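Here's my_file_15.txt, which has compact mmCIF, C-alpha atoms:
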```txt
# COMPACT_ATOMS: atom_id res chain seq x y z
CA MET A 1 -63.97 -135.01 10.18
CA THR A 2 -65.59 -135.75 6.82
CA VAL A 3 -67.53 -132.51 7.02
CA GLN A 4 -64.38 -130.65 8.07
CA GLU A 5 -62.63 -131.90 4.95
CA ALA A 6 -65.64 -131.10 2.75
CA VAL A 7 -65.86 -127.48 3.92
CA GLY A 8 -62.14 -126.79 3.71
CA GLY A 9 -61.38 -126.71 7.41
CA ARG A 10 -64.10 -124.18 8.35
CA LEU A 11 -66.17 -126.40 10.66
CA SER A 12 -66.94 -125.42 14.23
CA LEU A 13 -68.43 -128.33 16.17
CA GLY A 14 -70.94 -127.18 18.78
CA LEU A 15 -71.75 -129.36 21.78
CA GLY A 16 -74.02 -128.97 24.79
CA VAL A 17 -75.69 -130.97 27.55
CA SER A 18 -79.19 -129.52 26.90
CA HIS A 19 -81.66 -129.32 29.82
CA ARG A 20 -83.03 -131.80 32.33
CA HIS A 21 -86.62 -131.74 31.05
CA ILE A 22 -85.43 -132.57 27.52
CA ILE A 23 -82.88 -135.24 28.38
CA GLU A 24 -84.97 -137.03 31.01
CA GLU A 25 -88.60 -136.38 30.04
CA GLN A 26 -88.27 -136.43 26.24
CA TYR A 27 -85.33 -138.79 25.69
CA GLY A 28 -85.57 -140.91 28.84
CA LEU A 29 -81.86 -140.58 29.57
CA SER A 30 -80.04 -139.59 32.72
CA PHE A 31 -79.18 -135.95 33.40
CA ASP A 32 -77.14 -136.85 36.47
CA ARG A 33 -74.03 -134.68 36.89
CA PRO A 34 -74.01 -133.12 33.41
CA VAL A 35 -70.67 -131.37 34.02
CA ARG A 36 -69.01 -134.72 34.65
CA HIS A 37 -70.59 -136.15 31.51
CA LEU A 38 -69.36 -133.21 29.42
CA ARG A 39 -65.83 -133.48 30.81
CA GLU A 40 -65.67 -137.20 30.01
CA TYR A 41 -67.18 -136.71 26.56
CA LEU A 42 -64.64 -134.03 25.64
CA SER A 43 -61.78 -136.04 27.16
CA ALA A 44 -62.54 -138.80 24.66
CA LEU A 45 -63.65 -136.69 21.71
CA VAL A 46 -60.96 -134.00 21.43
CA PRO A 47 -58.00 -136.42 21.15
CA LEU A 48 -59.94 -138.40 18.54
CA LEU A 49 -60.45 -135.23 16.50
CA LYS A 50 -56.70 -134.61 16.69
CA GLY A 51 -56.08 -137.99 15.08
CA GLU A 52 -54.82 -139.59 18.30
CA THR A 53 -55.51 -143.15 19.39
CA VAL A 54 -57.69 -143.06 22.49
CA THR A 55 -58.08 -145.45 25.38
CA TYR A 56 -60.38 -143.69 27.81
CA LYS A 57 -62.59 -145.01 30.60
CA GLY A 58 -64.65 -142.65 32.70
CA GLU A 59 -67.57 -143.06 35.06
CA THR A 60 -70.20 -142.60 32.35
CA LEU A 61 -68.51 -143.55 29.08
CA GLN A 62 -65.48 -145.17 27.55
CA ALA A 63 -63.79 -144.94 24.19
CA ALA A 64 -61.09 -146.96 22.48
CA GLY A 65 -59.63 -146.58 19.02
CA ALA A 66 -58.99 -143.86 16.49
CA VAL A 67 -60.74 -142.00 13.68
CA ASP A 68 -58.70 -142.70 10.59
CA ILE A 69 -59.78 -139.81 8.39
CA ALA A 70 -57.16 -137.48 7.01
CA ALA A 71 -58.15 -133.82 7.25
CA ALA A 72 -56.37 -130.49 7.14
CA ALA A 73 -56.98 -129.81 10.83
CA ARG A 74 -59.36 -130.81 13.56
CA PRO A 75 -62.57 -128.75 13.77
CA SER A 76 -62.86 -126.12 16.47
CA VAL A 77 -64.95 -127.41 19.38
CA LEU A 78 -67.37 -125.02 21.09
CA VAL A 79 -69.54 -125.77 24.12
CA GLY A 80 -72.86 -124.22 25.06
CA ALA A 81 -71.46 -123.24 28.45
CA LEU A 82 -72.98 -120.57 30.70
CA GLY A 83 -72.41 -121.58 34.32
CA PRO A 84 -69.07 -121.55 36.19
CA ALA A 85 -68.49 -125.32 36.09
CA MET A 86 -69.40 -125.66 32.41
CA LEU A 87 -67.23 -122.68 31.50
CA ARG A 88 -64.32 -124.24 33.36
CA VAL A 89 -64.64 -127.46 31.35
CA ALA A 90 -65.05 -125.54 28.09
CA GLY A 91 -61.97 -123.46 28.83
CA GLU A 92 -59.85 -126.44 29.79
CA LEU A 93 -60.87 -128.93 27.09
CA ALA A 94 -62.60 -127.08 24.23
CA ASP A 95 -61.90 -123.99 22.13
CA GLY A 96 -64.59 -121.77 23.59
CA THR A 97 -68.26 -121.27 24.32
CA ILE A 98 -71.44 -120.31 22.50
CA THR A 99 -73.67 -118.22 24.74
CA THR A 100 -77.43 -117.81 24.58
CA TRP A 101 -79.46 -115.11 26.38
CA ALA A 102 -76.24 -113.62 27.77
CA ASN A 103 -76.12 -109.84 27.43
CA ALA A 104 -73.00 -107.67 27.52
CA ALA A 105 -73.05 -107.44 31.32
CA ALA A 106 -73.20 -111.23 31.71
CA LEU A 107 -70.35 -111.63 29.22
CA SER A 108 -68.02 -109.07 30.78
CA ASP A 109 -68.74 -109.85 34.44
CA HIS A 110 -69.03 -113.63 34.27
CA VAL A 111 -68.61 -115.59 31.03
CA VAL A 112 -65.41 -114.07 29.66
CA PRO A 113 -63.45 -113.98 32.95
CA ALA A 114 -64.45 -117.56 33.84
CA ILE A 115 -63.56 -119.19 30.54
CA THR A 116 -60.41 -117.09 30.13
CA ARG A 117 -59.11 -118.24 33.53
CA ALA A 118 -59.81 -121.85 32.62
CA ALA A 119 -58.15 -121.58 29.20
CA GLY A 120 -54.83 -120.50 30.69
CA ARG A 121 -52.48 -119.22 27.98
CA ARG A 122 -54.93 -119.94 25.18
CA THR A 123 -57.44 -117.31 24.04
CA PRO A 124 -60.91 -118.90 24.05
CA ARG A 125 -63.58 -118.16 21.49
CA VAL A 126 -66.67 -116.49 22.97
CA VAL A 127 -69.43 -116.74 20.38
CA ALA A 128 -72.38 -114.58 21.42
CA SER A 129 -75.69 -115.83 20.03
CA THR A 130 -78.35 -113.14 20.06
CA VAL A 131 -81.54 -111.87 18.45
CA VAL A 132 -81.06 -108.77 16.26
CA CYS A 133 -83.72 -106.51 14.81
CA VAL A 134 -83.26 -103.08 13.26
CA THR A 135 -86.69 -101.56 13.72
CA SER A 136 -88.75 -98.48 14.45
CA HIS A 137 -90.98 -100.57 16.73
CA GLU A 138 -88.62 -101.55 19.52
CA ASP A 139 -91.26 -102.02 22.22
CA ASP A 140 -93.40 -104.25 19.97
CA ARG A 141 -90.45 -106.46 19.04
CA ARG A 142 -89.29 -106.83 22.66
CA HIS A 143 -92.84 -107.74 23.64
CA TRP A 144 -92.84 -110.43 20.91
CA VAL A 145 -89.61 -111.88 22.30
CA ALA A 146 -91.06 -111.90 25.82
CA GLU A 147 -94.20 -113.69 24.63
CA ASN A 148 -92.47 -116.27 22.44
CA PHE A 149 -89.28 -116.95 24.43
CA GLY A 150 -90.29 -115.99 27.96
CA MET A 151 -90.37 -119.64 29.02
CA VAL A 152 -86.58 -119.88 28.79
CA ALA A 153 -86.36 -117.80 31.97
CA GLN A 154 -87.70 -120.85 33.81
CA LEU A 155 -84.77 -123.07 32.78
CA PRO A 156 -82.08 -123.03 35.50
CA SER A 157 -79.05 -122.42 33.28
CA TYR A 158 -80.75 -119.60 31.38
CA ARG A 159 -82.27 -118.11 34.54
CA ALA A 160 -78.80 -117.95 36.08
CA VAL A 161 -77.21 -116.16 33.12
CA LEU A 162 -80.15 -113.75 32.90
CA ASP A 163 -79.67 -112.92 36.57
CA ARG A 164 -75.95 -112.38 36.02
CA GLY A 165 -76.83 -109.86 33.33
CA ARG A 166 -79.50 -108.28 35.55
CA ALA A 167 -82.11 -109.16 32.92
CA ALA A 168 -85.71 -109.92 33.83
CA GLY A 169 -86.14 -112.11 30.77
CA PRO A 170 -84.81 -112.80 27.28
CA GLN A 171 -86.37 -109.57 26.00
CA ASP A 172 -83.71 -107.71 27.98
CA THR A 173 -80.83 -109.45 26.19
CA VAL A 174 -81.80 -108.91 22.56
CA VAL A 175 -80.28 -106.32 20.23
CA ILE A 176 -83.21 -104.22 19.04
CA GLY A 177 -83.64 -100.61 17.92
CA ASP A 178 -82.76 -98.32 15.05
CA GLU A 179 -79.42 -98.55 13.24
CA ILE A 180 -77.61 -96.36 15.75
CA VAL A 181 -78.92 -98.29 18.76
CA VAL A 182 -78.23 -101.71 17.23
CA GLU A 183 -74.69 -100.76 16.24
CA ARG A 184 -74.00 -99.50 19.75
CA GLN A 185 -75.36 -102.71 21.32
CA VAL A 186 -73.37 -104.93 18.95
CA ARG A 187 -70.19 -103.06 19.79
CA ARG A 188 -70.97 -103.47 23.49
CA LEU A 189 -71.00 -107.26 23.04
CA PHE A 190 -67.55 -107.18 21.47
CA ASP A 191 -66.28 -104.73 24.07
CA ALA A 192 -67.53 -107.20 26.69
CA GLY A 193 -65.29 -109.91 25.23
CA ALA A 194 -67.30 -111.60 22.50
CA THR A 195 -65.04 -112.78 19.68
CA GLU A 196 -67.83 -113.58 17.23
CA LEU A 197 -71.57 -113.07 16.82
CA VAL A 198 -74.28 -115.53 15.78
CA VAL A 199 -77.48 -113.73 14.85
CA MET A 200 -81.13 -114.74 14.75
CA LEU A 201 -82.97 -112.14 12.69
CA LEU A 202 -86.36 -110.93 13.88
CA GLY A 203 -89.15 -108.83 12.40
CA SER A 204 -90.66 -108.10 9.00
CA GLU A 205 -88.88 -108.63 5.70
CA ASP A 206 -87.94 -104.96 5.62
CA GLU A 207 -86.60 -105.06 9.17
CA GLN A 208 -84.55 -108.15 8.44
CA THR A 209 -83.15 -106.51 5.31
CA ARG A 210 -82.16 -103.45 7.36
CA SER A 211 -80.59 -105.72 10.00
CA THR A 212 -78.61 -107.71 7.44
CA ALA A 213 -77.35 -104.55 5.75
CA LEU A 214 -76.16 -103.06 9.03
CA LEU A 215 -74.45 -106.26 10.18
CA ALA A 216 -72.75 -106.67 6.80
CA ASP A 217 -71.49 -103.11 7.03
CA LEU A 218 -70.15 -103.67 10.55
CA ALA A 219 -68.50 -106.93 9.52
CA GLY A 220 -66.84 -105.25 6.56
```
Take the structure I supplied and represent it as structure tokens, if you would.
Amino acid sequence: MTVQEAVGGRLSLGLGVSHRHIIEEQYGLSFDRPVRHLREYLSALVPLLKGETVTYKGETLQAAGAVDIAAAARPSVLVGALGPAMLRVAGELADGTITTWANAAALSDHVVPAITRAAGRRTPRVVASTVVCVTSHEDDRRHWVAENFGMVAQLPSYRAVLDRGRAAGPQDTVVIGDEIVVERQVRRLFDAGATELVVMLLGSEDEQTRSTALLADLAG
């Protein structure tokens, strides 16, 4: 809430449950029933962000009290939700989702319908996070993505969303090509139901400059 006040009400708070190998093997914590944990976490957090006094007791956590910080409005809460159960929780309790490695097909056929059903009368935010590179060396850049991010295809949540988008690996979800191709792919993401785009730039300095210029032009 302090950050929300400092940035003039522009904060979006992103939350996610991560992956089993990180939570259990690196942090030594339980990854048992992550959907339940997320639902309980949001059930306590969202009312607190609204300035409400909370008395909540779930199976994995409890919260009591209030956050007494005056702010213009609560921050928007986004969840890194990709699977059906996570999308249902995000739609019911949060403001939307941030997707990773979800191409236009995965958005239109799975992510957007699932979270929209769960949100009811509200319109959820669907923030598509993707790699963008305006380049004349499309094959080389896709190969780089496959080499450097190929391991994500082994993580269950990412493997599932790749399969839903009929993508062999992350290299099949990135937005790469010349200006015409990249613009067409970006528009496909929005046509699929994305409300916003978060971009990771890829390539040489010149390629990143070209990418930034195109994206700025599209945003304008």
Using all atoms listed in the file, which protein or nucleic acid residues come within 10 Å of region 112-126 of chain A? Drop anything in the same chain fewer than 5 positions from it, and give the result as a ChimeraX atom specification.
/A:76-79,81-99,106-107,190,192-197
Residue nearest Arg10 (chain A) - candidates A:Ala63, A:Val54, A:Ala213, A:Ala73, atoms counted: only C-alpha atoms
A:Ala73
Using only C-alpha atoms, what residues lie at most 8 Å away from (-83.1, -113.8, 25.6) (file coordinates), given as a short mmCIF file (atom, residue, chain, number, x, y, z; two decimals) with C-alpha atoms, keeping the file's coordinate frame?
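Result went into point24.cif, see below:
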```
data_model
loop_
_atom_site.label_atom_id
_atom_site.label_comp_id
_atom_site.auth_asym_id
_atom_site.auth_seq_id
_atom_site.Cartn_x
_atom_site.Cartn_y
_atom_site.Cartn_z
CA THR A 100 -77.43 -117.81 24.58
CA TRP A 101 -79.46 -115.11 26.38
CA ALA A 102 -76.24 -113.62 27.77
CA THR A 130 -78.35 -113.14 20.06
CA VAL A 131 -81.54 -111.87 18.45
CA VAL A 145 -89.61 -111.88 22.30
CA PHE A 149 -89.28 -116.95 24.43
CA GLY A 150 -90.29 -115.99 27.96
CA VAL A 152 -86.58 -119.88 28.79
CA LEU A 162 -80.15 -113.75 32.90
CA GLY A 169 -86.14 -112.11 30.77
CA PRO A 170 -84.81 -112.80 27.28
CA GLN A 171 -86.37 -109.57 26.00
CA ASP A 172 -83.71 -107.71 27.98
CA THR A 173 -80.83 -109.45 26.19
CA VAL A 174 -81.80 -108.91 22.56
#
```
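With CA of Pro75 (chain A) on one side and CA of Leu11 (chain A) on the other, the separation reads 5.3 Å.
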Using all atoms listed in the file, what table do you get, as CSV, when you list each residue of region 118-169 of chain A with an atom no more than 12 Å from region 185-188 of chain A, its nearest pair of atoms, and their distance in Å rounded to one decimal, rows by chain then rising number?
```
residue,atom,partner,partner_atom,distance
A:Ala128,CA,A:Val186,CA,10.0
A:Ser129,CA,A:Val186,CA,11.2
A:Thr130,CA,A:Val186,CA,9.7
A:Val131,CA,A:Val186,CA,10.7
A:Val132,CA,A:Val186,CA,9.0
A:Cys133,CA,A:Gln185,CA,11.3
A:Val134,CA,A:Gln185,CA,11.3
```
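CA of Glu138 (chain A) lies 11.5 Å from CA of Glu179 (chain A).
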Atoms are missing here; could region 114-131 of chain A be completed with N, CA and C atoms and written as a PDB file, in the coordinates of the input?
```pdb
ATOM      1  N   ALA A 114     -64.477-116.155  33.421  1.00  0.00           N
ATOM      2  CA  ALA A 114     -64.450-117.560  33.840  1.00  0.00           C
ATOM      3  C   ALA A 114     -63.772-118.446  32.810  1.00  0.00           C
ATOM      4  N   ILE A 115     -64.143-118.301  31.555  1.00  0.00           N
ATOM      5  CA  ILE A 115     -63.560-119.190  30.540  1.00  0.00           C
ATOM      6  C   ILE A 115     -62.120-118.804  30.242  1.00  0.00           C
ATOM      7  N   THR A 116     -61.786-117.526  30.364  1.00  0.00           N
ATOM      8  CA  THR A 116     -60.410-117.090  30.130  1.00  0.00           C
ATOM      9  C   THR A 116     -59.475-117.653  31.201  1.00  0.00           C
ATOM     10  N   ARG A 117     -59.911-117.640  32.458  1.00  0.00           N
ATOM     11  CA  ARG A 117     -59.110-118.240  33.530  1.00  0.00           C
ATOM     12  C   ARG A 117     -58.872-119.717  33.268  1.00  0.00           C
ATOM     13  N   ALA A 118     -59.919-120.402  32.846  1.00  0.00           N
ATOM     14  CA  ALA A 118     -59.810-121.850  32.620  1.00  0.00           C
ATOM     15  C   ALA A 118     -58.937-122.181  31.426  1.00  0.00           C
ATOM     16  N   ALA A 119     -58.911-121.313  30.429  1.00  0.00           N
ATOM     17  CA  ALA A 119     -58.150-121.580  29.200  1.00  0.00           C
ATOM     18  C   ALA A 119     -56.657-121.376  29.377  1.00  0.00           C
ATOM     19  N   GLY A 120     -56.253-120.710  30.454  1.00  0.00           N
ATOM     20  CA  GLY A 120     -54.830-120.500  30.690  1.00  0.00           C
ATOM     21  C   GLY A 120     -54.212-119.581  29.648  1.00  0.00           C
ATOM     22  N   ARG A 121     -53.191-120.057  28.965  1.00  0.00           N
ATOM     23  CA  ARG A 121     -52.480-119.220  27.980  1.00  0.00           C
ATOM     24  C   ARG A 121     -53.211-119.139  26.653  1.00  0.00           C
ATOM     25  N   ARG A 122     -54.187-119.996  26.438  1.00  0.00           N
ATOM     26  CA  ARG A 122     -54.930-119.940  25.180  1.00  0.00           C
ATOM     27  C   ARG A 122     -55.999-118.844  25.255  1.00  0.00           C
ATOM     28  N   THR A 123     -56.358-118.298  24.107  1.00  0.00           N
ATOM     29  CA  THR A 123     -57.440-117.310  24.040  1.00  0.00           C
ATOM     30  C   THR A 123     -58.709-118.016  23.575  1.00  0.00           C
ATOM     31  N   PRO A 124     -59.709-118.158  24.442  1.00  0.00           N
ATOM     32  CA  PRO A 124     -60.910-118.900  24.050  1.00  0.00           C
ATOM     33  C   PRO A 124     -61.814-118.097  23.130  1.00  0.00           C
ATOM     34  N   ARG A 125     -62.544-118.790  22.287  1.00  0.00           N
ATOM     35  CA  ARG A 125     -63.580-118.160  21.490  1.00  0.00           C
ATOM     36  C   ARG A 125     -64.818-117.945  22.367  1.00  0.00           C
ATOM     37  N   VAL A 126     -65.409-116.777  22.269  1.00  0.00           N
ATOM     38  CA  VAL A 126     -66.670-116.490  22.970  1.00  0.00           C
ATOM     39  C   VAL A 126     -67.661-116.050  21.893  1.00  0.00           C
ATOM     40  N   VAL A 127     -68.496-116.986  21.471  1.00  0.00           N
ATOM     41  CA  VAL A 127     -69.430-116.740  20.380  1.00  0.00           C
ATOM     42  C   VAL A 127     -70.772-116.342  20.995  1.00  0.00           C
ATOM     43  N   ALA A 128     -71.138-115.090  20.837  1.00  0.00           N
ATOM     44  CA  ALA A 128     -72.380-114.580  21.420  1.00  0.00           C
ATOM     45  C   ALA A 128     -73.530-114.786  20.449  1.00  0.00           C
ATOM     46  N   SER A 129     -74.502-115.592  20.854  1.00  0.00           N
ATOM     47  CA  SER A 129     -75.690-115.830  20.030  1.00  0.00           C
ATOM     48  C   SER A 129     -76.800-114.910  20.525  1.00  0.00           C
ATOM     49  N   THR A 130     -77.353-114.105  19.624  1.00  0.00           N
ATOM     50  CA  THR A 130     -78.350-113.140  20.060  1.00  0.00           C
ATOM     51  C   THR A 130     -79.361-112.842  18.963  1.00  0.00           C
ATOM     52  N   VAL A 131     -80.513-112.334  19.375  1.00  0.00           N
ATOM     53  CA  VAL A 131     -81.540-111.870  18.450  1.00  0.00           C
ATOM     54  C   VAL A 131     -81.227-110.437  18.056  1.00  0.00           C
TER      55      VAL A 131
END
```
